[in-house]
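Colleague: This is the structure I have questions about; it appears just below.
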Amino acid sequence: MSIEFSVGLENLKKLVSEYSPLGELSNEAQTRFAFIDLLLRNCLGWEIVETRVEVTESGERTDYECGLPRALIVEAKKSSVLFKFPPRGAKSGIKTRLDSLCAFSPEVRDAVLQAQSYCQRRGVELAAVSNASQLIVFLATRTDGLSPLTGDALVFDGYEEMVRNFAAVFDAVSRPGVSEHRYRPMLSGRQSPTMPAKLSTLCIQYHDYSYSSEFQESLRNAASLVIEDLGRSDGVETEFLRECYCESGPISQYSMLGKSIVAARYAALFPTGVTGSRLEQVNPRNSRKGEFSEKVMAEALARRPLVLLGDVGVGKTSFLKHLMKVSASDVFKKVISVYFDLGSEAALVKDIKDALLEQIEVTLRDELKINRMEAKMLESIYRAELDEFEGGIMSQLRIINESAFQEKRLLMLLELASRREAHLKRVLAYVAKSRSAQVVFVIDNADQRSLSVQTDAFVIAQELSAHWSSVVFVALRPQTFHSSKRSGAVSAYPSKVFVIPPPKLEDAIDKRLVFAKKMADGRLPVQSIGGVSLHLESLSILIDVLRDSIARNKDIMEFIVNVSSGNIRIAVELVSRFFGNPNVQSERIVGKVMDGNGYIIPVHEFAKTALLGDYSHFQESASLASNIFDVTTSDPNEHFLSLLILAYLAWDHVISGSSDGFVKKAAIIDELQNRGFTQGQVCDHLVRLNRKKLIESVERRTLELDSDVEREGLPEAFRVTTLGVYISKKWAAEFSFLDAMSFDTPIFDSEVRNEMAKVVNDDRLHARYIRANGFRDYLSEVWSAGKSQAAYFDWPQLVAVGADSFNRVLRRIAELGYAAK
């Protein structure tokens, strides 16, 4: 709880009056106990729970560390030793150059350097030295490339000066002042040097697209059609589901995320003591084939909704379609499905039920071609009401005035049809009966909405199951479901829960490629697209080349599995975009094969799709990769901060004590502060890593907007994704990755930067090698000179892993000879 300024000031006056008569007789322990403890707590608002004393790390002991995570270190000295300060003019006030202060007094210099050493080793910006009656406040750690001694210090020489200038004391070192970083403009001193410009500023065509040739564009269209689109078309969807659907399998052997970590995550989907629900895994091992379909259908027809749990991209929608069209097709011979997506639908509508009813109307009109006000249908669905009307008192009106009777009858029908919910329920029942069909509702992405919306979704699902004679599926992510149960949002609605673990991604990709080749070869019908030329024969050749390359080179499938983080949609899109990508020489590959020469795709060539997209150079916004070497401050050591975070989150020593792989934010910050990074640097990198999906938060929210981060703060815990592990354990030191990132990273060594700038506009292989090799050597020098070494990450070892990719380039340069130079 923050302290008010006026309260802090009154408490300081009281503290001074009680302590000052005894101060000169106090040793360091007495000074701390009788004055500094009370100053921090009662005057500056640092609570006991967030203040640690006598913290020993690496043999060094700090007197006070304030904040969780630590944001201020205070070094205490005994009151009997007074500091000597240089004369200060009236204009200077309480502010003095820190280097002048240290040069004037050896005692001050020793105390300042001691506190500065603690701060730099523990990643803390702000330091204070106090002997009770005197207080020195200064920036001990700087991330702008300047020495801390170039900054200013706030000097309060005596109790009277401290009380008179308490506003400055409060701004600089109080809990609220530190949390708002008010000390930075007060203490930064001379202007920080400009961060060196990135090489991209010197590259003439850096932001240009790599335009596709006619052949590449045609190939791209063909790949998009047969790999991504046609499987969803009515003509071949059933065949596609039959041949391409993958039941959940063993964890991919190619995943670089530790097998124990992955297993633990999915084991966590089956916790004990989840009240109100029964969990069962879809496709458990050793189950009878088709058994899962029977169980699901038996539950679905039992007039209660089914919850399908699965992470993004594991195939919840594919599971439902396969269930309805293949594995339980005898039950779903005819289906009327209403798909209600809470992720995109009803975003601007407060009443979820109204949004669902609107979706039902759209389904009736656009998909089923049903006019919900069609006269013959109204006569049928309201037959009982009409019989009652015609046989009642209104029958007398019919004898007197047939026209008036028919008008009253029509008005009654319109009034019945105006009861929106009841009317749509009857219309759906009528259509289902007339078509001998089963009505299926799918409520998807409820987990992307608030808990109140999730609760409304469950209430609606219960009602639809019990009273609409329909099968209802609610699709959620595991974390959302379990947090909702714990919070009580869905605890009142018992349901059967089926968990959908991910399929074995390599099997899913191979089945998709085999199916695509059948269509490219004409063994399955391909819908014609008017005016678009499709190189289906070339696509068929490239599919064979890719499948053969995957079989021969495990690095390709390892790349697909880890970059897609096990998400089938991303993996399929990655494979599809490889064909016809402007950065891939697909026509040359096809030509080699047609000339009778084989071709094995190297992983760096396949990786261009994820790394560059459709651009000629790396663009962060258009790439699946992230520049983990970029910095937010003028601190060269920050080149390795993202890698250290990723490696720490993947460290077995950390994972073994975590919950479902999630590590507390406070633990992450504390660890990286021990490596010399500040809280601000660590938080900035956590946000960037989360935005590029290298780590995910316990709340499963992506920190897209800075305003959201400022308003809501950072999530309480994070865990690494497979993409994050792949980058930190392999991709980051490979030739293609370093070549791309060399353009996008500030290089603090001017000599290295000048050498790389000489070939910045040269796209030939030899020039690319010079850039990537120079960038790698520069990073190695920064690593060697820095203080970021940790048990869980070793940059030289990572360089050794990527060395083979550089050797392949050297061999290729030798083959090209003089032309590459």
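Identifiers in the structure tokens: chain A, B, ... in order shown; residue index from 1 per chain; ligand index from 1 in order shown.
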Write down as a VMD selection string the residues belonging to region 296-430 of chain A that are assigned strand (DSSP E or B) by DSSP computed on the backbone.
Modeller: chain A and resid 306 to 309 335 to 341
Colleague: Excluding region 540-543 of chain A and its own-chain neighbours fewer than 3 positions away, which residues fall within 7 Å of it when counting only C-alpha atoms? Please give them as a PyMOL selection string.
Modeller: chain A and resi 513+517+520-521+536-537+546-547+590
Colleague: Could you take the residues named above and write them with N, CA, C and O atoms, as a compact mmCIF listing (two decimals), in the first residue's frame?
Modeller:
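Just written: selection.txt:
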# COMPACT_ATOMS: atom_id res chain seq x y z
N LEU A 513 0.30 -34.12 -47.41
CA LEU A 513 1.07 -34.07 -48.65
C LEU A 513 0.67 -35.20 -49.60
O LEU A 513 0.58 -34.99 -50.81
N LYS A 517 -0.91 -34.58 -53.27
CA LYS A 517 -0.32 -35.14 -54.49
C LYS A 517 -1.38 -35.88 -55.32
O LYS A 517 -1.37 -35.83 -56.55
N ALA A 520 -3.08 -33.22 -57.16
CA ALA A 520 -2.21 -32.65 -58.19
C ALA A 520 -2.04 -33.61 -59.37
O ALA A 520 -1.90 -33.18 -60.52
N ASP A 521 -2.05 -34.92 -59.07
CA ASP A 521 -1.91 -35.93 -60.13
C ASP A 521 -3.22 -36.22 -60.85
O ASP A 521 -3.24 -37.02 -61.79
N LEU A 536 0.14 -27.85 -61.74
CA LEU A 536 -0.10 -29.00 -60.89
C LEU A 536 0.97 -30.06 -61.06
O LEU A 536 1.34 -30.74 -60.10
N GLU A 537 1.48 -30.21 -62.29
CA GLU A 537 2.55 -31.20 -62.51
C GLU A 537 3.80 -30.81 -61.73
O GLU A 537 4.44 -31.65 -61.09
N LEU A 546 9.87 -32.75 -51.51
CA LEU A 546 9.78 -32.39 -50.10
C LEU A 546 9.63 -33.63 -49.23
O LEU A 546 10.30 -33.75 -48.19
N ARG A 547 8.78 -34.57 -49.63
CA ARG A 547 8.61 -35.79 -48.84
C ARG A 547 9.91 -36.59 -48.77
O ARG A 547 10.28 -37.12 -47.71
N VAL A 590 12.54 -27.93 -59.81
CA VAL A 590 11.75 -28.75 -60.74
C VAL A 590 12.58 -29.11 -61.97
O VAL A 590 12.55 -30.24 -62.46
Colleague: State, in Å with one decimal place, the distance from CA of Val472 (chain A) to CA of Leu306 (chain A).
Modeller: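 That distance, rounded to one decimal, is 6.3 Å.
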Colleague: Take CA of Ala610 (chain A) and CA of Ala622 (chain A) and report the distance between them in Å, one decimal.
Modeller: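 Atom-to-atom, CA of Ala610 (chain A) to CA of Ala622 (chain A), that is 8.8 Å.
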Colleague: Counting only C-alpha atoms, what is within 8 Å of Phe441 (chain A), bar same-chain residues fewer than 5 positions away, as a list in words?
Modeller: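 Answer for this query is Ser337, Val338, Tyr339, Phe340, Ser470, Val471, Val472 and Phe473 of chain A.
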Colleague: Using only C-alpha atoms, which of the listed residues (A:Glu47, A:Ala790, A:Asn581, A:Ser403) sits closest to Tyr615 (chain A)?
Modeller: A:Asn581
Colleague: Provide the CA of Glu54 (chain A) to CA of Val654 (chain A) distance in Å, to one decimal place.
Modeller: 25.3 Å
Colleague: Need to verify the contact set: region 6-21 of chain A, 7 Å, only C-alpha atoms, exclusion of same-chain residues closer than 2 positions in sequence. Can you return it as a VMD selection string?
Modeller: chain A and resid 3 to 4 23 35 39 42 to 44 159 163 166
Colleague: Any idea what's packed within 12 Å of Lys376 (chain A), counting only C-alpha atoms, ignoring anything in its chain fewer than 6 positions away? Could you give it as a ChimeraX atom specification?
Modeller: /A:370,382-383,413,427,430
Colleague: In terms of the shortest atom-to-atom distance over only C-alpha atoms, which of A:Val326, A:Ala733, A:Leu357, A:Leu149 is closest to Ala103 (chain A)?
Modeller: A:Leu149
Colleague: Find the residues of region 621-657 of chain A that sit at most 10 Å from region 662-680 of chain A; for each, write down the nearest two atoms and how far apart they are in Å, to one decimal. Count only C-alpha atoms. Sort by chain, then by number going up, and give it as JSON lines.
Modeller:
{"residue": "A:Thr632", "atom": "CA", "partner": "A:Gly680", "partner_atom": "CA", "distance": 9.4}
{"residue": "A:Thr633", "atom": "CA", "partner": "A:Gly680", "partner_atom": "CA", "distance": 9.8}
{"residue": "A:Asp635", "atom": "CA", "partner": "A:Phe677", "partner_atom": "CA", "distance": 9.3}
{"residue": "A:Asn637", "atom": "CA", "partner": "A:Phe677", "partner_atom": "CA", "distance": 8.5}
{"residue": "A:Glu638", "atom": "CA", "partner": "A:Phe677", "partner_atom": "CA", "distance": 7.7}
{"residue": "A:Leu641", "atom": "CA", "partner": "A:Phe677", "partner_atom": "CA", "distance": 8.0}
{"residue": "A:Leu644", "atom": "CA", "partner": "A:Leu672", "partner_atom": "CA", "distance": 7.9}
{"residue": "A:Ile645", "atom": "CA", "partner": "A:Ile668", "partner_atom": "CA", "distance": 7.3}
{"residue": "A:Tyr648", "atom": "CA", "partner": "A:Ile668", "partner_atom": "CA", "distance": 8.0}
{"residue": "A:Leu649", "atom": "CA", "partner": "A:Val663", "partner_atom": "CA", "distance": 6.9}
{"residue": "A:Ala650", "atom": "CA", "partner": "A:Val663", "partner_atom": "CA", "distance": 9.8}
{"residue": "A:Val654", "atom": "CA", "partner": "A:Val663", "partner_atom": "CA", "distance": 7.6}
{"residue": "A:Ile655", "atom": "CA", "partner": "A:Val663", "partner_atom": "CA", "distance": 7.6}
{"residue": "A:Gly657", "atom": "CA", "partner": "A:Val663", "partner_atom": "CA", "distance": 8.7}
Colleague: Neighbours of Gly145 (chain A) within 12 Å (only C-alpha atoms; same-chain residues fewer than 4 positions away dropped), as a PyMOL selection string?
Modeller: chain A and resi 141+149-151+188+190-196+632-638+748
Colleague: Okay, now the selection with N, CA and C atoms, as a CSV table (one decimal), in the first residue's frame?
Modeller:
chain,number,residue,atom,x,y,z
A,141,THR,N,23.3,1.6,-12.0
A,141,THR,CA,23.3,0.8,-13.2
A,141,THR,C,22.7,1.5,-14.3
A,149,LEU,N,29.1,6.9,-13.2
A,149,LEU,CA,29.7,8.1,-12.6
A,149,LEU,C,29.5,9.4,-13.4
A,150,THR,N,29.0,9.2,-14.6
A,150,THR,CA,28.7,10.4,-15.4
A,150,THR,C,27.4,11.0,-15.0
A,151,GLY,N,26.6,10.4,-14.2
A,151,GLY,CA,25.3,10.9,-13.8
A,151,GLY,C,25.4,11.8,-12.6
A,188,SER,N,20.0,11.1,-14.4
A,188,SER,CA,20.6,10.6,-15.6
A,188,SER,C,21.8,11.5,-16.0
A,190,ARG,N,24.3,13.8,-18.0
A,190,ARG,CA,24.4,14.2,-19.4
A,190,ARG,C,23.6,13.4,-20.4
A,191,GLN,N,23.4,13.9,-21.5
A,191,GLN,CA,22.5,13.2,-22.5
A,191,GLN,C,23.1,11.8,-22.9
A,192,SER,N,22.2,10.8,-23.0
A,192,SER,CA,22.7,9.5,-23.4
A,192,SER,C,23.1,9.5,-24.8
A,193,PRO,N,24.1,8.7,-25.2
A,193,PRO,CA,24.6,8.6,-26.6
A,193,PRO,C,23.5,7.9,-27.4
A,194,THR,N,23.4,8.3,-28.7
A,194,THR,CA,22.5,7.7,-29.6
A,194,THR,C,22.8,6.2,-29.9
A,195,MET,N,21.7,5.4,-29.8
A,195,MET,CA,22.0,4.0,-30.1
A,195,MET,C,22.4,3.9,-31.6
A,196,PRO,N,23.4,3.0,-31.9
A,196,PRO,CA,23.8,2.9,-33.3
A,196,PRO,C,22.6,2.4,-34.2
A,632,THR,N,16.7,-3.0,-26.3
A,632,THR,CA,15.9,-1.9,-25.9
A,632,THR,C,16.7,-0.7,-25.3
A,633,THR,N,17.9,-1.0,-25.0
A,633,THR,CA,18.8,0.0,-24.4
A,633,THR,C,20.2,-0.1,-25.0
A,634,SER,N,21.0,0.8,-24.6
A,634,SER,CA,22.4,0.9,-25.2
A,634,SER,C,23.3,0.0,-24.4
A,635,ASP,N,22.9,-1.2,-24.1
A,635,ASP,CA,23.6,-2.2,-23.3
A,635,ASP,C,23.9,-3.4,-24.2
A,636,PRO,N,25.2,-3.6,-24.7
A,636,PRO,CA,25.5,-4.7,-25.6
A,636,PRO,C,25.1,-6.0,-25.0
A,637,ASN,N,25.2,-6.2,-23.7
A,637,ASN,CA,24.9,-7.5,-23.0
A,637,ASN,C,23.4,-7.9,-23.3
A,638,GLU,N,22.6,-6.9,-23.6
A,638,GLU,CA,21.2,-7.2,-23.8
A,638,GLU,C,21.0,-8.0,-25.1
A,748,PHE,N,27.2,-2.3,-31.6
A,748,PHE,CA,27.9,-1.3,-30.9
A,748,PHE,C,29.4,-1.1,-31.2
Colleague: Would you mind listing what lies within 9 Å of Ser626 (chain A) as a list in words, with only C-alpha atoms counted and same-chain residues fewer than 6 positions away left out?
Modeller: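 Answer for this query is Leu611, Glu620, Arg688, Leu689, Lys692, Leu694, Ile727 and Met741 of chain A.
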Colleague: Save the residues we just selected, N, CA and C atoms, as an mmCIF file, in the first residue's frame?
Modeller:
data_model
loop_
_atom_site.group_PDB
_atom_site.id
_atom_site.type_symbol
_atom_site.label_atom_id
_atom_site.label_comp_id
_atom_site.auth_asym_id
_atom_site.auth_seq_id
_atom_site.Cartn_x
_atom_site.Cartn_y
_atom_site.Cartn_z
ATOM 1 N N LEU A 611 11.188 -17.467 -42.192
ATOM 2 C CA LEU A 611 12.089 -16.396 -41.799
ATOM 3 C C LEU A 611 11.794 -15.086 -42.518
ATOM 4 N N GLU A 620 10.247 -8.138 -38.978
ATOM 5 C CA GLU A 620 9.704 -8.744 -37.756
ATOM 6 C C GLU A 620 8.208 -9.007 -37.845
ATOM 7 N N ARG A 688 8.049 -8.736 -25.605
ATOM 8 C CA ARG A 688 8.392 -9.042 -26.998
ATOM 9 C C ARG A 688 8.348 -10.532 -27.277
ATOM 10 N N LEU A 689 8.867 -11.339 -26.383
ATOM 11 C CA LEU A 689 8.852 -12.786 -26.574
ATOM 12 C C LEU A 689 7.432 -13.321 -26.594
ATOM 13 N N LYS A 692 5.635 -12.577 -29.973
ATOM 14 C CA LYS A 692 6.068 -13.441 -31.080
ATOM 15 C C LYS A 692 5.879 -14.920 -30.763
ATOM 16 N N LEU A 694 7.058 -16.888 -28.517
ATOM 17 C CA LEU A 694 8.186 -17.685 -28.050
ATOM 18 C C LEU A 694 7.984 -18.105 -26.598
ATOM 19 N N ILE A 727 14.500 -21.879 -31.171
ATOM 20 C CA ILE A 727 15.361 -20.727 -31.441
ATOM 21 C C ILE A 727 16.545 -20.711 -30.484
ATOM 22 N N MET A 741 19.170 -11.559 -39.144
ATOM 23 C CA MET A 741 19.138 -10.675 -37.978
ATOM 24 C C MET A 741 20.265 -9.635 -37.989
#
